[in-house]
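Below: final-v8.txt (compact mmCIF, C-alpha atoms)
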# COMPACT_ATOMS: atom_id res chain seq x y z
CA MET C 1 -34.29 -177.73 -57.63
CA ILE C 2 -31.67 -179.61 -55.69
CA ARG C 3 -31.50 -178.36 -52.12
CA LEU C 4 -28.10 -177.84 -50.50
CA PHE C 5 -29.38 -178.35 -47.02
CA PHE C 6 -31.29 -180.86 -44.95
CA ILE C 7 -34.97 -180.47 -44.20
CA PHE C 8 -36.06 -182.57 -41.28
CA ILE C 9 -39.57 -183.94 -41.68
CA ILE C 10 -40.46 -185.59 -38.43
CA LEU C 11 -43.44 -187.86 -38.29
CA LEU C 12 -44.80 -188.12 -34.78
CA VAL C 13 -47.93 -189.68 -33.38
CA SER C 14 -50.50 -186.99 -32.60
CA GLU C 15 -51.38 -186.47 -28.99
CA PHE C 16 -54.98 -185.96 -28.03
CA ILE C 17 -55.37 -182.57 -26.39
CA PRO C 18 -58.77 -182.15 -24.70
CA ALA C 19 -60.60 -178.92 -25.35
CA GLN C 20 -61.03 -176.57 -22.43
CA ASN C 21 -64.51 -175.17 -21.94
CA THR C 22 -63.46 -172.47 -19.52
CA ALA C 23 -60.19 -170.64 -18.91
CA PRO C 24 -58.47 -171.32 -15.58
CA LYS C 25 -59.42 -168.89 -12.84
CA LYS C 26 -55.98 -169.03 -11.27
CA SER C 27 -52.83 -167.87 -13.00
CA THR C 28 -50.69 -170.65 -14.47
CA ALA C 29 -47.56 -168.47 -14.65
CA SER C 30 -44.67 -169.74 -12.55
CA GLU C 31 -43.14 -167.80 -9.67
CA ASN C 32 -40.32 -166.76 -12.00
CA VAL C 33 -42.72 -164.69 -14.12
CA SER C 34 -43.70 -161.10 -13.35
CA ILE C 35 -45.14 -158.08 -15.15
CA ILE C 36 -42.67 -155.26 -15.76
CA ASP C 37 -45.34 -152.74 -16.68
CA THR C 38 -49.03 -152.89 -17.58
CA ALA C 39 -48.67 -149.82 -19.82
CA PHE C 40 -45.14 -149.73 -21.23
CA TYR C 41 -45.06 -146.89 -23.74
CA ILE C 42 -44.22 -147.58 -27.40
CA PRO C 43 -43.09 -144.18 -28.72
CA GLN C 44 -42.82 -145.40 -32.30
CA LEU C 45 -46.55 -146.26 -32.31
CA GLN C 46 -47.75 -143.83 -29.63
CA ARG C 47 -49.51 -146.52 -27.60
CA SER C 48 -48.86 -148.60 -24.50
CA ARG C 49 -48.55 -152.31 -23.86
CA ARG C 50 -48.17 -154.82 -21.03
CA ILE C 51 -44.70 -156.36 -20.81
CA TRP C 52 -43.89 -159.65 -19.04
CA ILE C 53 -40.56 -161.08 -17.94
CA TYR C 54 -39.30 -164.51 -16.95
CA LEU C 55 -36.17 -164.55 -14.80
CA PRO C 56 -34.28 -167.84 -14.38
CA GLU C 57 -34.35 -169.62 -11.04
CA GLY C 58 -31.82 -168.06 -8.68
CA TYR C 59 -31.56 -164.80 -10.62
CA GLU C 60 -32.06 -162.69 -7.48
CA THR C 61 -29.31 -164.47 -5.54
CA SER C 62 -26.64 -164.52 -8.25
CA LYS C 63 -24.58 -162.05 -10.27
CA LYS C 64 -24.79 -164.06 -13.46
CA LYS C 65 -25.76 -162.46 -16.79
CA PHE C 66 -28.20 -164.11 -19.18
CA PRO C 67 -29.24 -164.18 -22.87
CA VAL C 68 -32.63 -162.64 -23.66
CA LEU C 69 -35.44 -164.03 -25.81
CA TYR C 70 -38.13 -161.53 -26.88
CA MET C 71 -41.51 -163.12 -27.67
CA HIS C 72 -44.57 -161.63 -29.34
CA ASP C 73 -48.19 -162.26 -28.29
CA GLY C 74 -47.11 -161.98 -24.66
CA GLN C 75 -50.61 -162.82 -23.42
CA ASN C 76 -50.06 -166.38 -24.61
CA VAL C 77 -46.46 -166.94 -23.53
CA PHE C 78 -46.78 -167.70 -19.80
CA ASP C 79 -50.34 -167.63 -18.52
CA ALA C 80 -53.50 -169.47 -19.56
CA VAL C 81 -55.64 -166.89 -17.76
CA THR C 82 -54.55 -164.02 -20.01
CA SER C 83 -54.21 -166.06 -23.20
CA PHE C 84 -56.70 -165.73 -26.01
CA ALA C 85 -55.91 -169.12 -27.53
CA GLY C 86 -54.00 -171.15 -24.93
CA GLU C 87 -50.46 -170.65 -23.60
CA TRP C 88 -47.02 -171.71 -24.78
CA GLY C 89 -45.92 -172.74 -21.29
CA VAL C 90 -42.51 -171.12 -21.82
CA ASP C 91 -41.97 -170.67 -18.08
CA GLU C 92 -42.64 -174.33 -17.30
CA ALA C 93 -40.40 -175.40 -20.17
CA LEU C 94 -37.51 -173.22 -19.00
CA ASP C 95 -37.96 -174.16 -15.35
CA THR C 96 -37.25 -177.72 -16.51
CA LEU C 97 -34.74 -177.08 -19.28
CA GLY C 98 -32.75 -174.70 -17.09
CA LEU C 99 -31.51 -177.68 -15.14
CA LYS C 100 -29.70 -179.13 -18.15
CA THR C 101 -29.05 -176.28 -20.58
CA LYS C 102 -28.16 -172.58 -20.68
CA GLU C 103 -30.63 -170.38 -18.84
CA CYS C 104 -32.33 -167.40 -20.43
CA ILE C 105 -34.43 -164.33 -19.64
CA VAL C 106 -37.67 -164.19 -21.64
CA VAL C 107 -39.54 -160.97 -22.32
CA GLY C 108 -43.15 -161.21 -23.52
CA ILE C 109 -44.75 -158.27 -25.33
CA ASP C 110 -48.55 -158.29 -25.46
CA ASN C 111 -50.04 -157.85 -28.89
CA GLY C 112 -52.30 -154.90 -29.71
CA ALA C 113 -55.52 -156.94 -29.99
CA ALA C 114 -57.36 -155.19 -32.84
CA LYS C 115 -54.01 -153.75 -33.97
CA ARG C 116 -52.17 -157.08 -33.89
CA ILE C 117 -52.09 -157.72 -37.63
CA ASN C 118 -50.94 -154.17 -38.39
CA GLU C 119 -48.24 -154.19 -35.70
CA TYR C 120 -46.78 -157.46 -36.93
CA LEU C 121 -47.16 -156.60 -40.64
CA PRO C 122 -44.06 -154.82 -42.02
CA TYR C 123 -45.71 -153.62 -45.22
CA ASN C 124 -48.95 -151.91 -46.21
CA HIS C 125 -51.73 -154.31 -47.11
CA GLU C 126 -54.69 -153.92 -49.47
CA ARG C 127 -57.12 -155.39 -46.93
CA PHE C 128 -55.61 -154.54 -43.56
CA GLY C 129 -54.19 -151.12 -44.33
CA LYS C 130 -51.00 -149.59 -42.98
CA GLY C 131 -48.33 -152.00 -41.88
CA GLU C 132 -46.72 -150.98 -38.57
CA GLY C 133 -44.17 -153.77 -38.35
CA ASN C 134 -41.29 -151.47 -39.17
CA GLU C 135 -42.13 -149.25 -36.17
CA TYR C 136 -42.73 -152.25 -33.94
CA ALA C 137 -39.35 -153.76 -34.87
CA THR C 138 -37.70 -150.42 -34.09
CA PHE C 139 -39.44 -150.40 -30.71
CA LEU C 140 -37.96 -153.80 -29.91
CA ALA C 141 -34.43 -152.84 -30.98
CA LYS C 142 -34.24 -149.19 -29.92
CA THR C 143 -36.59 -148.88 -26.94
CA LEU C 144 -37.37 -152.19 -25.24
CA LYS C 145 -33.98 -153.91 -25.54
CA PRO C 146 -32.03 -150.92 -24.10
CA PHE C 147 -34.53 -150.76 -21.22
CA ILE C 148 -34.17 -154.49 -20.46
CA ASP C 149 -30.37 -154.33 -20.75
CA LYS C 150 -30.26 -151.42 -18.29
CA LYS C 151 -32.63 -152.85 -15.71
CA TYR C 152 -31.62 -156.52 -15.76
CA ARG C 153 -28.37 -158.49 -15.91
CA THR C 154 -28.28 -159.41 -19.57
CA LEU C 155 -25.73 -160.53 -22.10
CA LYS C 156 -26.19 -157.60 -24.46
CA SER C 157 -24.45 -158.93 -27.56
CA LYS C 158 -26.24 -159.92 -30.74
CA GLN C 159 -25.22 -163.54 -30.15
CA ASN C 160 -27.31 -163.53 -26.96
CA THR C 161 -30.39 -161.64 -28.17
CA PHE C 162 -33.22 -163.57 -29.80
CA LEU C 163 -36.79 -163.27 -31.09
CA ALA C 164 -39.65 -165.74 -31.42
CA GLY C 165 -43.28 -165.74 -32.43
CA SER C 166 -45.94 -167.60 -34.36
CA SER C 167 -48.10 -166.81 -37.38
CA MET C 168 -47.84 -163.01 -37.80
CA GLY C 169 -45.36 -163.17 -34.91
CA GLY C 170 -43.20 -165.49 -37.00
CA LEU C 171 -43.27 -163.02 -39.87
CA ILE C 172 -42.25 -160.04 -37.73
CA SER C 173 -39.48 -162.08 -36.07
CA LEU C 174 -37.78 -162.68 -39.42
CA TYR C 175 -38.38 -159.09 -40.51
CA ALA C 176 -36.78 -157.69 -37.34
CA LEU C 177 -33.78 -159.96 -37.92
CA LEU C 178 -33.43 -158.53 -41.43
CA LYS C 179 -33.87 -154.94 -40.27
CA TYR C 180 -31.52 -155.18 -37.28
CA PRO C 181 -28.93 -157.89 -38.08
CA LYS C 182 -26.45 -156.34 -35.61
CA VAL C 183 -28.98 -156.39 -32.74
CA PHE C 184 -30.68 -159.78 -33.01
CA GLY C 185 -28.73 -162.99 -33.36
CA GLY C 186 -31.47 -165.56 -33.73
CA ALA C 187 -35.16 -166.15 -34.27
CA GLY C 188 -37.87 -168.75 -33.86
CA VAL C 189 -40.11 -168.41 -36.93
CA PHE C 190 -43.15 -170.54 -36.06
CA SER C 191 -45.93 -171.10 -38.62
CA PRO C 192 -45.09 -167.81 -40.36
CA SER C 193 -47.75 -165.86 -42.28
CA PHE C 194 -45.50 -165.15 -45.25
CA TRP C 195 -48.44 -165.05 -47.69
CA MET C 196 -49.44 -161.79 -46.00
CA ALA C 197 -46.17 -160.13 -46.95
CA PRO C 198 -44.77 -160.99 -50.40
CA SER C 199 -42.42 -158.00 -50.08
CA ILE C 200 -40.42 -160.03 -47.54
CA TYR C 201 -38.58 -161.56 -50.52
CA ASN C 202 -37.33 -158.13 -51.58
CA ASP C 203 -35.98 -157.52 -48.08
CA ILE C 204 -34.32 -160.93 -48.08
CA ARG C 205 -32.59 -160.17 -51.40
CA ASN C 206 -31.54 -156.68 -50.28
CA LYS C 207 -30.72 -157.29 -46.62
CA GLY C 208 -30.29 -161.03 -46.16
CA LYS C 209 -26.57 -160.99 -46.90
CA LYS C 210 -25.96 -158.99 -43.71
CA VAL C 211 -27.80 -161.55 -41.56
CA LYS C 212 -25.55 -164.09 -39.87
CA SER C 213 -27.73 -165.55 -37.16
CA LYS C 214 -29.54 -168.71 -36.07
CA ILE C 215 -33.01 -169.19 -37.54
CA TYR C 216 -35.43 -171.97 -36.62
CA PHE C 217 -38.29 -172.36 -39.10
CA TYR C 218 -41.29 -174.47 -38.08
CA ALA C 219 -44.54 -175.46 -39.80
CA GLY C 220 -47.14 -178.18 -39.36
CA MET C 221 -48.84 -180.32 -41.98
CA GLU C 222 -52.27 -179.75 -40.38
CA GLU C 223 -52.23 -175.97 -40.05
CA GLY C 224 -54.90 -174.98 -42.53
CA ARG C 225 -58.58 -175.64 -43.10
CA ASN C 226 -57.83 -178.04 -45.93
CA GLU C 227 -55.00 -179.75 -47.77
CA LYS C 228 -54.39 -176.72 -50.00
CA ASP C 229 -53.92 -174.42 -46.98
CA ASN C 230 -51.62 -176.95 -45.33
CA GLN C 231 -49.49 -177.15 -48.46
CA GLN C 232 -49.28 -173.36 -48.76
CA MET C 233 -47.99 -172.97 -45.19
CA VAL C 234 -45.16 -175.44 -45.77
CA THR C 235 -44.43 -174.27 -49.34
CA ASP C 236 -44.23 -170.60 -48.36
CA MET C 237 -41.96 -171.36 -45.42
CA LEU C 238 -39.57 -173.44 -47.52
CA LYS C 239 -39.55 -170.78 -50.23
CA VAL C 240 -38.40 -168.20 -47.67
CA PHE C 241 -35.90 -170.73 -46.30
CA ASP C 242 -34.49 -171.14 -49.81
CA ALA C 243 -34.33 -167.39 -50.33
CA MET C 244 -32.46 -166.86 -47.06
CA HIS C 245 -30.15 -169.78 -47.74
CA ALA C 246 -29.19 -168.26 -51.10
CA VAL C 247 -27.90 -165.01 -49.61
CA SER C 248 -27.18 -165.58 -45.91
CA LYS C 249 -24.55 -167.54 -44.01
CA SER C 250 -26.95 -167.97 -41.11
CA LYS C 251 -27.29 -171.32 -39.38
CA MET C 252 -30.81 -172.44 -40.22
CA THR C 253 -33.06 -175.43 -39.82
CA ALA C 254 -36.58 -176.09 -41.09
CA ILE C 255 -38.80 -178.42 -39.12
CA ILE C 256 -42.05 -179.81 -40.50
CA ARG C 257 -44.28 -181.76 -38.14
CA ALA C 258 -46.83 -184.11 -39.67
CA GLU C 259 -49.33 -183.50 -36.85
CA GLY C 260 -48.60 -179.79 -36.34
CA ARG C 261 -51.60 -177.46 -36.20
CA HIS C 262 -51.88 -173.69 -36.20
CA ASN C 263 -52.36 -173.36 -32.45
CA GLU C 264 -50.60 -172.78 -29.15
CA ALA C 265 -50.71 -176.47 -28.25
CA SER C 266 -48.46 -177.27 -31.24
CA TRP C 267 -46.12 -174.33 -30.60
CA ARG C 268 -45.92 -175.23 -26.92
CA LYS C 269 -44.86 -178.74 -27.88
CA GLU C 270 -42.22 -177.41 -30.29
CA PHE C 271 -40.76 -174.73 -28.03
CA PRO C 272 -38.34 -176.94 -26.01
CA TRP C 273 -36.77 -178.32 -29.21
CA PHE C 274 -36.42 -174.81 -30.60
CA TYR C 275 -34.92 -173.51 -27.37
CA GLU C 276 -32.32 -176.26 -27.04
CA TRP C 277 -31.32 -175.82 -30.70
CA LEU C 278 -31.06 -172.05 -30.28
CA ILE C 279 -29.13 -172.05 -27.02
CA THR C 280 -26.93 -175.12 -27.18
CA LYS C 281 -26.10 -175.71 -30.86
Can the structure from this file be put into structure tokens for me?
Amino acid sequence: MIRLFFIFIILLVSEFIPAQNTAPKKSTASENVSIIDTAFYIPQLQRSRRIWIYLPEGYETSKKKFPVLYMHDGQNVFDAVTSFAGEWGVDEALDTLGLKTKECIVVGIDNGAAKRINEYLPYNHERFGKGEGNEYATFLAKTLKPFIDKKYRTLKSKQNTFLAGSSMGGLISLYALLKYPKVFGGAGVFSPSFWMAPSIYNDIRNKGKKVKSKIYFYAGMEEGRNEKDNQQMVTDMLKVFDAMHAVSKSKMTAIIRAEGRHNEASWRKEFPWFYEWLITK
């Protein structure tokens, strides 16, 4: 099949990242990060969740309005102390990038621990049971976004409202974009677990035409336990890319990193490139 788009395969030298034996005892979140609520209620799922927020430097002393990026697995977004697998360092990245690009509010939503797979899975699954992704996506669009827009100075339009997540979080980011194309205008789909949800192709065929957004797909060549797993990650992602490209006029890019692994260290490294592409291009 001849592709009608460019896939950027970037070969970079791997960086050695030393393993940490113990989690830091002191929070690594910047001063621009705070917790909105430790038990924010999710009416669609009848449970509560901790919600984080990053406000750009100078937010309190200005009247400026900002775009908003909603990120899943909030425990891992800002703070190594709360993370279960390392942090993305989004606050440090934006503290630096904010000096040379458009600033942004970031909202982190903690995952449901034992319920994480179900909450991020849009469809029922033979092994994992009921998929709650549909309800979770509705929570983001109908409950959390209106709350954030009311309480903070945000740019409320679709063009300024984004999603991002990795693995199951990548899957639910694309699903939410398909379900609410008039609410969300872009997504970071990192190392997506598309093999968990073959029905995503039906939603792409049925709903993809209405999506006109910015979508950043990312996968690494070292994500699985073996070469077969690595190939499946990249193949599945490109298959979804193709499917979206066939029906949607969205601006999309697919990035494949030769050294990319299925971990926060890789996603942390990729985040600044994703952010600059999303905000400035």
- Message: Please report the interatomic distance between CA of Arg261 in chain C and CA of Ser248 in chain C in Å with one decimal.
- Response: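 Computing it gives 28.8 Å between the two atoms.
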- Query: Given the choices C:Pro146, C:Gly185, C:Gly224, C:Gly74, which gets closest to Thr161 in chain C if the distance is worked out from all atoms listed in the file?
  - Reply: C:Gly185
- Message: Between C:Met221, C:Val68, C:Val106, C:Ala137, which residue has the minimum interatomic distance to Ser157 in chain C, considering all atoms listed in the file?
- Response: C:Val68
- Item | Minimum-distance residue to Lys269 in chain C, chosen among C:His72, C:Lys214, C:Arg257, C:Lys65 (using all atoms listed in the file) |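 So, comparing all the options, the nearest one is C:Arg257.
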- Any idea what the distance is between CA of Asn134 in chain C and CA of Lys156 in chain C? 22.0 Å
- From the set C:Gln46, C:Ser167, C:Thr96, C:Thr101, which residue has the shortest atom-to-atom contact distance to Asp73 in chain C, counting all atoms listed in the file? C:Ser167
- Message: Show me the residues close to (-43.1, -169.4, -25.7) - anything with an atom within 9 Å, counting only C-alpha atoms - and format the list as a PyMOL selection string.
- Response: chain C and resi 71-72+74+76-78+87-91+93+106+108+164-165+264+267-268+271-272
- Query: Which one is closest to Asn202 in chain C: C:Leu177, C:Ile148, C:Leu171, C:Ala243? Count all atoms listed in the file.
  - Reply: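 Among the listed residues, C:Ala243 lies closest to Asn202 in chain C.
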- Task: Rank C:Leu140, C:Ile279, C:Val234, C:Ile172 by their smallest atom-to-atom distance to Pro43 in chain C, using only C-alpha atoms, and report the top residue only.
- Result: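 Residue with the minimum atom-to-atom distance to Pro43 in chain C: C:Leu140.
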Could you give me range 59-83 of chain C completed to N, CA and C atoms, formatted as a PDB file, in the frame of the given file?
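The file below, rebuild-v6.pdb, is the result:
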ATOM      1  N   TYR C  59     -32.020-166.079 -10.077  1.00  0.00           N
ATOM      2  CA  TYR C  59     -31.560-164.800 -10.620  1.00  0.00           C
ATOM      3  C   TYR C  59     -31.279-163.801  -9.510  1.00  0.00           C
ATOM      4  N   GLU C  60     -32.166-163.694  -8.542  1.00  0.00           N
ATOM      5  CA  GLU C  60     -32.060-162.690  -7.480  1.00  0.00           C
ATOM      6  C   GLU C  60     -30.863-162.931  -6.556  1.00  0.00           C
ATOM      7  N   THR C  61     -30.397-164.146  -6.483  1.00  0.00           N
ATOM      8  CA  THR C  61     -29.310-164.470  -5.540  1.00  0.00           C
ATOM      9  C   THR C  61     -27.961-164.662  -6.232  1.00  0.00           C
ATOM     10  N   SER C  62     -27.898-164.353  -7.528  1.00  0.00           N
ATOM     11  CA  SER C  62     -26.640-164.520  -8.250  1.00  0.00           C
ATOM     12  C   SER C  62     -26.233-163.215  -8.916  1.00  0.00           C
ATOM     13  N   LYS C  63     -25.056-163.210  -9.521  1.00  0.00           N
ATOM     14  CA  LYS C  63     -24.580-162.050 -10.270  1.00  0.00           C
ATOM     15  C   LYS C  63     -24.406-162.404 -11.749  1.00  0.00           C
ATOM     16  N   LYS C  64     -24.924-163.541 -12.102  1.00  0.00           N
ATOM     17  CA  LYS C  64     -24.790-164.060 -13.460  1.00  0.00           C
ATOM     18  C   LYS C  64     -25.572-163.221 -14.459  1.00  0.00           C
ATOM     19  N   LYS C  65     -25.065-163.140 -15.705  1.00  0.00           N
ATOM     20  CA  LYS C  65     -25.760-162.460 -16.790  1.00  0.00           C
ATOM     21  C   LYS C  65     -26.352-163.503 -17.743  1.00  0.00           C
ATOM     22  N   PHE C  66     -27.462-163.136 -18.394  1.00  0.00           N
ATOM     23  CA  PHE C  66     -28.200-164.110 -19.180  1.00  0.00           C
ATOM     24  C   PHE C  66     -28.537-163.610 -20.593  1.00  0.00           C
ATOM     25  N   PRO C  67     -28.698-164.539 -21.550  1.00  0.00           N
ATOM     26  CA  PRO C  67     -29.240-164.180 -22.870  1.00  0.00           C
ATOM     27  C   PRO C  67     -30.692-163.744 -22.691  1.00  0.00           C
ATOM     28  N   VAL C  68     -31.246-163.086 -23.720  1.00  0.00           N
ATOM     29  CA  VAL C  68     -32.630-162.640 -23.660  1.00  0.00           C
ATOM     30  C   VAL C  68     -33.375-163.070 -24.922  1.00  0.00           C
ATOM     31  N   LEU C  69     -34.551-163.642 -24.718  1.00  0.00           N
ATOM     32  CA  LEU C  69     -35.440-164.030 -25.810  1.00  0.00           C
ATOM     33  C   LEU C  69     -36.686-163.145 -25.741  1.00  0.00           C
ATOM     34  N   TYR C  70     -36.947-162.388 -26.796  1.00  0.00           N
ATOM     35  CA  TYR C  70     -38.130-161.530 -26.880  1.00  0.00           C
ATOM     36  C   TYR C  70     -39.223-162.258 -27.655  1.00  0.00           C
ATOM     37  N   MET C  71     -40.415-162.362 -27.050  1.00  0.00           N
ATOM     38  CA  MET C  71     -41.510-163.120 -27.670  1.00  0.00           C
ATOM     39  C   MET C  71     -42.744-162.249 -27.850  1.00  0.00           C
ATOM     40  N   HIS C  72     -43.354-162.373 -29.015  1.00  0.00           N
ATOM     41  CA  HIS C  72     -44.570-161.630 -29.340  1.00  0.00           C
ATOM     42  C   HIS C  72     -45.796-162.351 -28.754  1.00  0.00           C
ATOM     43  N   ASP C  73     -46.954-161.699 -28.849  1.00  0.00           N
ATOM     44  CA  ASP C  73     -48.190-162.260 -28.290  1.00  0.00           C
ATOM     45  C   ASP C  73     -47.970-162.663 -26.833  1.00  0.00           C
ATOM     46  N   GLY C  74     -47.469-161.706 -26.052  1.00  0.00           N
ATOM     47  CA  GLY C  74     -47.110-161.980 -24.660  1.00  0.00           C
ATOM     48  C   GLY C  74     -48.227-162.560 -23.826  1.00  0.00           C
ATOM     49  N   GLN C  75     -49.482-162.271 -24.172  1.00  0.00           N
ATOM     50  CA  GLN C  75     -50.610-162.820 -23.420  1.00  0.00           C
ATOM     51  C   GLN C  75     -50.587-164.350 -23.394  1.00  0.00           C
ATOM     52  N   ASN C  76     -50.021-164.931 -24.460  1.00  0.00           N
ATOM     53  CA  ASN C  76     -50.060-166.380 -24.610  1.00  0.00           C
ATOM     54  C   ASN C  76     -48.770-167.090 -24.194  1.00  0.00           C
ATOM     55  N   VAL C  77     -47.779-166.342 -23.769  1.00  0.00           N
ATOM     56  CA  VAL C  77     -46.460-166.940 -23.530  1.00  0.00           C
ATOM     57  C   VAL C  77     -46.391-167.708 -22.211  1.00  0.00           C
ATOM     58  N   PHE C  78     -46.956-167.131 -21.135  1.00  0.00           N
ATOM     59  CA  PHE C  78     -46.780-167.700 -19.800  1.00  0.00           C
ATOM     60  C   PHE C  78     -48.061-168.136 -19.095  1.00  0.00           C
ATOM     61  N   ASP C  79     -49.178-167.510 -19.396  1.00  0.00           N
ATOM     62  CA  ASP C  79     -50.340-167.630 -18.520  1.00  0.00           C
ATOM     63  C   ASP C  79     -51.620-167.968 -19.293  1.00  0.00           C
ATOM     64  N   ALA C  80     -52.256-169.060 -18.907  1.00  0.00           N
ATOM     65  CA  ALA C  80     -53.500-169.470 -19.560  1.00  0.00           C
ATOM     66  C   ALA C  80     -54.650-168.517 -19.251  1.00  0.00           C
ATOM     67  N   VAL C  81     -54.575-167.810 -18.133  1.00  0.00           N
ATOM     68  CA  VAL C  81     -55.640-166.890 -17.760  1.00  0.00           C
ATOM     69  C   VAL C  81     -55.716-165.707 -18.733  1.00  0.00           C
ATOM     70  N   THR C  82     -54.577-165.185 -19.122  1.00  0.00           N
ATOM     71  CA  THR C  82     -54.550-164.020 -20.010  1.00  0.00           C
ATOM     72  C   THR C  82     -54.563-164.397 -21.488  1.00  0.00           C
ATOM     73  N   SER C  83     -54.316-165.647 -21.800  1.00  0.00           N
ATOM     74  CA  SER C  83     -54.210-166.060 -23.200  1.00  0.00           C
ATOM     75  C   SER C  83     -55.551-165.979 -23.908  1.00  0.00           C
TER      76      SER C  83
END
